[in-house]
$ cat model.cif   # mmCIF, C-alpha atoms and all ligand atoms
data_entry
#
loop_
_atom_site.label_atom_id
_atom_site.label_comp_id
_atom_site.auth_asym_id
_atom_site.auth_seq_id
_atom_site.Cartn_x
_atom_site.Cartn_y
_atom_site.Cartn_z
CA MET Q 14 2.36 -1.59 -20.94
CA ALA Q 15 2.48 -5.18 -22.25
CA LYS Q 16 4.15 -3.87 -25.42
CA LEU Q 17 6.56 -1.73 -23.40
CA ILE Q 18 7.89 -4.53 -21.13
CA PRO Q 19 10.22 -6.22 -23.66
CA THR Q 20 11.75 -2.83 -24.49
CA LEU Q 21 12.80 -2.04 -20.89
CA PRO Q 22 16.48 -2.54 -19.88
CA LEU Q 23 17.09 -6.17 -18.85
CA GLU Q 24 19.32 -7.57 -16.07
CA THR Q 25 19.74 -11.34 -15.90
CA ARG Q 26 22.60 -11.62 -13.37
CA CYS Q 27 20.33 -11.38 -10.30
CA PRO Q 28 18.49 -14.68 -10.08
CA PRO Q 29 16.03 -16.03 -9.12
CA PHE Q 30 14.26 -13.60 -11.50
CA PRO Q 31 15.32 -11.61 -14.57
CA LEU Q 32 14.87 -7.90 -13.83
CA ARG Q 33 13.65 -5.01 -15.98
CA GLN Q 34 14.22 -1.37 -15.20
CA LEU Q 35 11.03 0.68 -14.88
CA SER Q 36 11.07 4.34 -13.81
CA GLY Q 37 14.59 3.95 -12.44
CA PHE Q 38 13.89 0.78 -10.42
CA TRP Q 39 14.89 -2.81 -11.18
CA LEU Q 40 11.82 -5.02 -10.82
CA PRO Q 41 11.29 -8.74 -11.51
CA GLU Q 42 10.17 -8.97 -15.12
CA MET Q 43 7.42 -11.41 -14.18
CA ILE Q 44 5.57 -8.84 -12.04
CA LEU Q 45 5.47 -6.04 -14.60
CA SER Q 46 2.22 -7.14 -16.21
CA GLY Q 47 0.79 -7.31 -12.68
CA VAL Q 48 1.93 -3.77 -11.93
CA ALA Q 49 0.08 -2.51 -14.98
CA ALA Q 50 -3.01 -4.48 -13.96
CA VAL Q 51 -3.17 -3.17 -10.39
CA HIS Q 52 -2.73 0.36 -11.66
CA THR Q 53 -5.80 0.15 -13.82
CA ARG Q 54 -8.02 -2.33 -11.99
CA PHE Q 55 -7.24 -2.51 -8.26
CA GLU Q 56 -10.09 -1.10 -6.16
CA PRO Q 57 -8.72 0.04 -2.80
CA ARG Q 58 -10.80 -0.15 0.34
CA PRO Q 59 -10.44 2.73 2.79
CA ASP Q 60 -9.01 0.44 5.46
CA ASP Q 61 -6.49 -1.40 3.29
CA ILE Q 62 -3.02 -1.73 4.81
CA PHE Q 63 0.06 -2.09 2.62
CA LEU Q 64 3.29 -3.52 4.03
CA ALA Q 65 6.12 -2.19 1.90
CA SER Q 66 9.83 -2.91 1.79
CA PHE Q 67 12.88 -3.27 -0.36
CA PRO Q 68 13.66 -7.03 -0.64
CA LYS Q 69 15.70 -8.51 2.23
CA SER Q 70 14.87 -5.67 4.61
CA GLY Q 71 12.55 -7.57 6.97
CA THR Q 72 9.47 -8.16 4.80
CA THR Q 73 8.79 -11.63 6.18
CA TRP Q 74 9.08 -10.43 9.77
CA LEU Q 75 6.81 -7.45 9.15
CA LYS Q 76 4.24 -9.74 7.52
CA ALA Q 77 4.28 -12.02 10.54
CA LEU Q 78 4.02 -9.16 13.04
CA ALA Q 79 1.19 -7.44 11.18
CA PHE Q 80 -0.74 -10.69 10.72
CA ALA Q 81 -0.31 -11.76 14.35
CA THR Q 82 -1.21 -8.31 15.69
CA LEU Q 83 -4.22 -7.69 13.50
CA ASN Q 84 -5.72 -11.16 13.92
CA ARG Q 85 -4.96 -11.66 17.62
CA ALA Q 86 -8.63 -11.97 18.60
CA GLU Q 87 -9.32 -14.74 16.10
CA HIS Q 88 -5.88 -16.32 16.45
CA PRO Q 89 -4.43 -15.79 19.94
CA PRO Q 90 -0.66 -15.64 19.52
CA SER Q 91 -0.17 -18.32 22.20
CA ASP Q 92 -2.33 -20.78 20.23
CA PRO Q 93 -0.26 -23.87 19.30
CA GLY Q 94 -2.31 -24.05 16.08
CA HIS Q 95 -1.68 -20.40 15.15
CA PRO Q 96 -1.39 -20.03 11.33
CA LEU Q 97 2.14 -18.66 11.75
CA ARG Q 98 3.18 -21.91 13.46
CA LEU Q 99 1.86 -23.92 10.53
CA ARG Q 100 2.42 -21.72 7.48
CA ASN Q 101 5.02 -19.40 6.04
CA PRO Q 102 4.22 -15.68 6.64
CA HIS Q 103 4.15 -15.27 2.84
CA ASP Q 104 1.18 -17.66 2.78
CA CYS Q 105 -0.60 -15.63 5.47
CA VAL Q 106 -0.23 -12.21 3.80
CA SER Q 107 -0.41 -11.92 0.02
CA PHE Q 108 1.83 -9.82 -2.18
CA PHE Q 109 -0.01 -6.99 -3.90
CA GLU Q 110 1.61 -7.14 -7.33
CA LEU Q 111 1.98 -10.93 -7.50
CA PRO Q 112 -1.55 -12.39 -7.87
CA SER Q 113 -2.26 -10.01 -10.72
CA ALA Q 114 1.08 -10.85 -12.36
CA LEU Q 115 0.46 -14.58 -12.05
CA SER Q 116 -3.10 -14.42 -13.27
CA GLU Q 117 -2.36 -12.01 -16.10
CA SER Q 118 -0.28 -14.81 -17.60
CA THR Q 119 -2.82 -17.56 -16.88
CA GLY Q 120 -5.94 -15.50 -17.51
CA GLY Q 121 -7.24 -15.92 -13.92
CA ALA Q 122 -9.32 -13.32 -12.07
CA TRP Q 123 -6.97 -11.84 -9.46
CA GLU Q 124 -9.54 -9.22 -8.47
CA ASP Q 125 -11.66 -12.00 -6.96
CA VAL Q 126 -8.73 -13.06 -4.76
CA PHE Q 127 -8.44 -9.56 -3.28
CA GLU Q 128 -12.21 -9.10 -3.14
CA ALA Q 129 -12.54 -12.25 -1.03
CA LEU Q 130 -10.13 -11.00 1.64
CA PRO Q 131 -11.80 -9.75 4.82
CA SER Q 132 -11.31 -6.11 5.83
CA PRO Q 133 -8.95 -4.72 6.78
CA ARG Q 134 -6.96 -6.30 3.99
CA VAL Q 135 -3.21 -6.54 4.44
CA LEU Q 136 -1.14 -6.69 1.27
CA THR Q 137 2.61 -6.62 0.81
CA THR Q 138 4.55 -4.81 -1.86
CA HIS Q 139 8.13 -4.35 -2.98
CA LEU Q 140 7.07 -1.59 -5.37
CA PRO Q 141 8.68 1.80 -4.81
CA TYR Q 142 6.30 4.45 -3.52
CA SER Q 143 6.34 6.22 -6.87
CA LEU Q 144 5.01 3.07 -8.58
CA LEU Q 145 2.07 2.45 -6.24
CA PRO Q 146 -1.27 3.09 -7.95
CA GLU Q 147 -2.43 6.69 -7.70
CA ARG Q 148 -5.71 5.47 -6.21
CA VAL Q 149 -3.77 4.03 -3.25
CA VAL Q 150 -1.50 6.99 -2.55
CA ALA Q 151 -3.88 9.86 -3.31
CA ASP Q 152 -4.28 12.26 -0.38
CA SER Q 153 -8.01 11.52 -0.51
CA CYS Q 154 -7.37 7.78 0.02
CA SER Q 155 -7.23 6.57 3.60
CA CYS Q 156 -5.22 3.40 2.87
CA ARG Q 157 -2.26 3.07 5.21
CA VAL Q 158 1.27 1.98 4.40
CA VAL Q 159 3.83 0.47 6.77
CA TYR Q 160 7.39 0.54 5.45
CA VAL Q 161 10.32 -1.35 6.91
CA CYS Q 162 13.82 -0.27 6.00
CA ARG Q 163 17.19 -1.75 6.91
CA ASP Q 164 20.81 -0.71 6.83
CA PRO Q 165 21.49 -0.99 3.07
CA LYS Q 166 24.74 -2.87 3.77
CA ASP Q 167 22.87 -5.65 5.59
CA ALA Q 168 20.09 -5.69 2.99
CA LEU Q 169 22.72 -5.94 0.26
CA VAL Q 170 24.55 -8.83 1.94
CA SER Q 171 21.29 -10.61 2.77
CA GLY Q 172 20.14 -10.22 -0.84
CA TRP Q 173 23.49 -11.31 -2.20
CA LEU Q 174 23.53 -14.51 -0.11
CA PHE Q 175 19.89 -15.20 -0.98
CA THR Q 176 20.62 -14.70 -4.67
CA LYS Q 177 23.77 -16.82 -4.52
CA LYS Q 178 21.71 -19.68 -3.14
CA HIS Q 179 19.60 -19.55 -6.25
CA THR Q 180 22.31 -19.30 -8.82
CA ALA Q 181 25.90 -19.82 -9.88
CA ALA Q 182 28.67 -17.63 -8.48
CA THR Q 183 28.00 -14.88 -11.02
CA ALA Q 184 25.26 -13.33 -8.88
CA LYS Q 185 25.78 -9.64 -8.28
CA GLY Q 186 23.08 -8.83 -5.76
CA ALA Q 187 19.36 -8.45 -5.24
CA GLY Q 188 18.96 -5.12 -6.93
CA GLY Q 189 20.84 -2.78 -9.14
CA ASP Q 190 22.31 0.69 -9.10
CA ASP Q 191 20.79 3.06 -6.55
CA ASP Q 192 17.37 1.57 -6.22
CA ASP Q 193 17.65 0.34 -2.60
CA TRP Q 194 18.15 3.78 -1.06
CA LEU Q 195 15.91 5.55 -3.57
CA HIS Q 196 13.23 3.06 -2.58
CA VAL Q 197 13.82 3.92 1.08
CA LEU Q 198 13.89 7.64 0.38
CA GLY Q 199 10.53 7.61 -1.40
CA TYR Q 200 8.75 6.05 1.57
CA TRP Q 201 10.72 8.09 4.10
CA GLU Q 202 9.69 11.36 2.51
CA GLU Q 203 6.08 10.29 2.32
CA SER Q 204 6.11 9.20 5.98
CA ARG Q 205 7.25 12.71 6.88
CA ARG Q 206 4.59 14.33 4.69
CA ARG Q 207 1.74 12.05 5.77
CA PRO Q 208 2.70 10.37 9.08
CA ASP Q 209 -0.91 9.33 9.65
CA LYS Q 210 -0.84 7.31 6.40
CA VAL Q 211 2.74 6.06 6.18
CA LEU Q 212 4.49 4.46 9.15
CA PHE Q 213 8.25 4.15 8.72
CA LEU Q 214 9.91 1.36 10.71
CA GLN Q 215 13.60 0.50 10.94
CA TYR Q 216 14.69 -3.13 11.15
CA GLU Q 217 17.51 -2.38 13.60
CA GLU Q 218 15.12 -0.48 15.87
CA MET Q 219 12.67 -3.40 15.73
CA LEU Q 220 15.45 -5.76 16.79
CA ARG Q 221 16.42 -3.44 19.64
CA ASP Q 222 12.89 -2.95 20.96
CA PRO Q 223 10.37 -5.26 19.28
CA ALA Q 224 7.63 -4.68 21.87
CA THR Q 225 7.48 -0.92 21.34
CA ASN Q 226 7.37 -1.43 17.60
CA VAL Q 227 4.55 -3.97 17.85
CA LYS Q 228 2.58 -1.39 19.85
CA ARG Q 229 3.28 1.30 17.22
CA LEU Q 230 2.22 -1.10 14.50
CA ALA Q 231 -0.98 -2.03 16.33
CA GLU Q 232 -1.87 1.61 16.94
CA PHE Q 233 -1.18 2.54 13.33
CA MET Q 234 -3.21 -0.37 11.95
CA GLY Q 235 -6.18 0.73 14.05
CA CYS Q 236 -6.07 -2.11 16.58
CA PRO Q 237 -4.17 -0.63 19.55
CA ILE Q 238 -2.98 -2.90 22.34
CA THR Q 239 -5.24 -2.42 25.34
CA VAL Q 240 -4.00 -2.07 28.92
CA GLU Q 241 -5.51 -5.47 29.68
CA GLU Q 242 -3.66 -7.05 26.77
CA GLU Q 243 -0.45 -5.39 27.81
CA THR Q 244 -0.87 -6.75 31.34
CA ALA Q 245 -1.69 -10.20 29.99
CA GLY Q 246 1.59 -10.23 28.03
CA THR Q 247 0.02 -10.19 24.55
CA VAL Q 248 2.77 -8.03 23.07
CA ASP Q 249 5.52 -10.32 24.31
CA THR Q 250 3.66 -13.33 22.97
CA VAL Q 251 3.35 -11.70 19.53
CA VAL Q 252 7.06 -10.84 19.61
CA GLU Q 253 7.96 -14.41 20.54
CA LEU Q 254 5.63 -15.94 17.93
CA CYS Q 255 7.21 -13.79 15.22
CA SER Q 256 10.82 -14.11 16.36
CA LEU Q 257 13.30 -15.52 13.90
CA ASP Q 258 13.87 -18.62 16.02
CA SER Q 259 10.21 -19.34 16.42
CA LEU Q 260 9.43 -18.86 12.72
CA LYS Q 261 12.48 -20.89 11.71
CA ARG Q 262 11.30 -23.77 13.89
CA SER Q 263 7.69 -23.64 12.74
CA LYS Q 264 6.28 -26.50 10.74
CA GLY Q 265 5.43 -24.33 7.75
CA ASN Q 266 8.97 -23.04 7.37
CA ARG Q 267 11.04 -26.17 7.87
CA SER Q 268 10.03 -27.43 4.45
CA GLY Q 269 8.01 -26.44 1.40
CA THR Q 270 8.22 -23.55 -1.01
CA THR Q 271 6.32 -20.35 -1.76
CA ASN Q 272 4.12 -20.14 -4.84
CA LEU Q 273 7.20 -18.87 -6.70
CA GLY Q 274 9.11 -22.01 -5.80
CA ILE Q 275 11.39 -20.32 -3.24
CA GLU Q 276 12.21 -22.49 -0.22
CA ASN Q 277 10.30 -21.29 2.84
CA ALA Q 278 13.39 -21.84 4.98
CA SER Q 279 15.47 -19.46 2.86
CA PHE Q 280 13.67 -16.41 4.29
CA PHE Q 281 15.19 -17.03 7.72
CA ARG Q 282 18.93 -16.72 8.12
CA LYS Q 283 20.72 -14.77 10.86
CA GLY Q 284 18.38 -11.83 11.34
CA VAL Q 285 20.90 -9.54 13.03
CA ALA Q 286 22.20 -6.01 12.53
CA GLY Q 287 25.75 -5.56 11.26
CA ASN Q 288 26.23 -8.98 9.66
CA TRP Q 289 27.66 -7.11 6.64
CA ARG Q 290 30.95 -6.97 8.57
CA ASN Q 291 31.47 -10.66 7.80
CA HIS Q 292 31.08 -10.12 4.07
CA LEU Q 293 32.16 -6.59 3.08
CA THR Q 294 35.61 -5.09 3.50
CA PRO Q 295 35.78 -1.76 5.39
CA GLU Q 296 36.54 -0.11 2.04
CA MET Q 297 33.45 -1.61 0.39
CA ALA Q 298 31.31 -0.55 3.36
CA ALA Q 299 32.72 2.98 3.34
CA ARG Q 300 32.05 3.28 -0.40
CA LEU Q 301 28.47 2.12 0.02
CA ASP Q 302 27.94 4.44 3.00
CA GLU Q 303 29.25 7.31 0.92
CA ILE Q 304 26.81 6.60 -1.91
CA VAL Q 305 23.86 6.14 0.46
CA ASP Q 306 24.74 9.26 2.47
CA GLY Q 307 24.87 11.21 -0.78
CA VAL Q 308 21.37 10.11 -1.75
CA LEU Q 309 19.92 10.60 1.74
CA GLN Q 310 21.67 13.90 2.39
CA GLY Q 311 19.28 16.49 3.78
CA SER Q 312 16.45 13.96 4.15
CA GLY Q 313 16.85 13.59 7.93
CA LEU Q 314 17.26 9.81 7.56
CA THR Q 315 20.51 8.16 8.60
CA PHE Q 316 21.67 4.59 9.11
P1 LIG L 1 19.58 -11.97 6.98
O1 LIG L 1 19.81 -12.57 5.64
O2 LIG L 1 20.49 -10.80 7.25
O3 LIG L 1 19.61 -12.95 8.09
P2 LIG L 1 13.01 -10.36 3.74
O4 LIG L 1 12.00 -10.97 4.64
O5 LIG L 1 12.71 -8.96 3.34
O6 LIG L 1 13.33 -11.27 2.60
O7 LIG L 1 14.36 -10.21 4.61
C1 LIG L 1 15.09 -11.34 4.97
C2 LIG L 1 15.97 -10.96 6.14
O8 LIG L 1 15.16 -10.82 7.31
C3 LIG L 1 16.97 -12.04 6.44
O9 LIG L 1 18.11 -11.35 6.99
C4 LIG L 1 16.25 -12.86 7.50
O10 LIG L 1 17.09 -13.67 8.29
C5 LIG L 1 15.58 -11.75 8.29
N1 LIG L 1 14.42 -12.21 9.05
C6 LIG L 1 13.45 -13.08 8.64
N2 LIG L 1 12.56 -13.28 9.62
C7 LIG L 1 12.96 -12.53 10.67
C8 LIG L 1 12.46 -12.36 11.99
N3 LIG L 1 11.37 -12.99 12.40
N4 LIG L 1 13.12 -11.53 12.82
C9 LIG L 1 14.24 -10.88 12.40
N5 LIG L 1 14.77 -11.02 11.18
C10 LIG L 1 14.14 -11.85 10.31
#
$ encode --input "model.cif" --output "structure tokens" --more "lines below"
Ligand code: A3P
Amino acid sequence: MAKLIPTLPLETRCPPFPLRQLSGFWLPEMILSGVAAVHTRFEPRPDDIFLASFPKSGTTWLKALAFATLNRAEHPPSDPGHPLRLRNPHDCVSFFELPSALSESTGGAWEDVFEALPSPRVLTTHLPYSLLPERVVADSCSCRVVYVCRDPKDALVSGWLFTKKHTAATAKGAGGDDDDWLHVLGYWEESRRRPDKVLFLQYEEMLRDPATNVKRLAEFMGCPITVEEETAGTVDTVVELCSLDSLKRSKGNRSGTTNLGIENASFFRKGVAGNWRNHLTPEMAARLDEIVDGVLQGSGLTF
């Protein structure tokens, strides 16, 4: 794989990272060595939970919700010292392909980082379903995957604005070609084939009814909300803790950067559905809808 990387098609107009095309998907070049490493050396645990998304589709929110829900006994969501009030969600839930990518270049032992995490481990990935390690997606593996998708028009605009912040005006977007909706389609199809292993969430639906989605998430992750918790308002407190406003205000997000040098604050912008209307013409939107509809045709998934 290391020898293959420099031969893959290169795209440099989508900062902050140069991209390479692997198996039809544009991925940050810097993670490719990590992808190869997790394929050969990652040892899944049966209760591992993967949070998956296409960039700018609600990854940060999903990380916060999963972390707050899963750890609510140790860290009550009303706690003023809750980790999500002090740290960026990306510091609370690690990316799957990143530690291996970073340590492949520095020679560190990324396996130890994952090994040290308490079970159930929660790891985030932007990898398409088809590029997850076979050991994770095998029918015999009980690892679970939660995917969040978003109207591709909003994900595109969000990615474009994010990218523009990191570069000159030449930025063309967060991804390339068809990979947003092919990414979505891969997880969608798997969620239909194995609904007990892959939970498919929609960003717009989460905005409309966050409480129901927190309960679905809790149930799926194996830590259902009890009647007592429901009565005590736990779900609402998780929703509030993880809301855009609350995370935006939190100490950990007002300053600082992630380990890739991206400003923590830049992960929180408007967080609404339909913001694409302020940035795309009706013709651009119709063209994109047409392309997406073509790819999703017959899948049962619509936006
Ligand atoms: P906008 O740019 O449309 O506002 P990701 O986390 O995958 O990078 O996605 C970023 C998008 O999710 C941004 O969308 C951001 O504002 C939004 N977002 C971040 N935190 C959120 C939250 N707690 N609730 C709702 N949306 C959130």
$ closest_residue --input "model.cif" --among "Q:Lys261, Q:Arg300, Q:Arg85, Q:His52" --to "ligand LIG 1 (chain L)" --atoms "all atoms listed in the file"
Q:Lys261
$ axis_aligned_box --input "model.cif" --around "segment 298-302 of chain Q" --padding-each-side "4 Å" --output "lines of an AutoDock Vina configuration file"
center_x = 30.3
center_y = 1.9
center_z = 1.5
size_x = 12.8
size_y = 13.0
size_z = 11.8
$ residues_near_point --input "model.cif" --point "(10.5, -5.0, -6.0)" --cutoff "9 Å" --atoms "all atoms listed in the file" --output "compact mmCIF listing (two decimals) with C-alpha atoms, in the frame of the given file"
# COMPACT_ATOMS: atom_id res chain seq x y z
CA PHE Q 38 13.89 0.78 -10.42
CA TRP Q 39 14.89 -2.81 -11.18
CA LEU Q 40 11.82 -5.02 -10.82
CA PRO Q 41 11.29 -8.74 -11.51
CA ILE Q 44 5.57 -8.84 -12.04
CA SER Q 66 9.83 -2.91 1.79
CA PHE Q 67 12.88 -3.27 -0.36
CA PRO Q 68 13.66 -7.03 -0.64
CA THR Q 138 4.55 -4.81 -1.86
CA HIS Q 139 8.13 -4.35 -2.98
CA LEU Q 140 7.07 -1.59 -5.37
CA PRO Q 141 8.68 1.80 -4.81
CA GLY Q 188 18.96 -5.12 -6.93
$ residues_around --input "model.cif" --residues "Val308 of chain Q" --least-positions-apart "5" --cutoff "9 Å" --atoms "only C-alpha atoms" --output "list of chain:residue names"
Q:Asp191, Q:Trp194, Q:Leu195, Q:Leu198, Q:Glu303
$ residues_near_ligand --input "model.cif" --ligand "ligand LIG 1 (chain L)" --cutoff "8 Å" --atoms "all atoms listed in the file" --output "PyMOL selection string"
chain Q and resi 66-75+77+167-168+170-172+174-175+216+220+255-261+280-286+288
$ closest_residue --input "model.cif" --among "Q:Asn272, Q:Thr239, Q:Ser263, Q:Ser312" --to "Ser204 of chain Q" --atoms "all atoms listed in the file"
Q:Ser312
$ residues_near_point --input "model.cif" --point "(-3.7, -6.5, 13.9)" --cutoff "12 Å" --atoms "all atoms listed in the file" --output "ChimeraX atom specification"
/Q:62,75-90,132-135,227-238,247-248,251
$ closest_residue --input "model.cif" --among "Q:Ser91, Q:Thr294, Q:Ser155, Q:Ser46" --to "Pro112 of chain Q" --atoms "only C-alpha atoms"
Q:Ser46
$ closest_residue --input "model.cif" --among "Q:Leu314, Q:Leu144, Q:Leu23, Q:Ile18" --to "Glu202 of chain Q" --atoms "only C-alpha atoms"
Q:Leu314
$ closest_residue --input "model.cif" --among "Q:Glu217, Q:Glu24, Q:Glu203, Q:Asp306" --to "Asp164 of chain Q" --atoms "all atoms listed in the file"
Q:Glu217
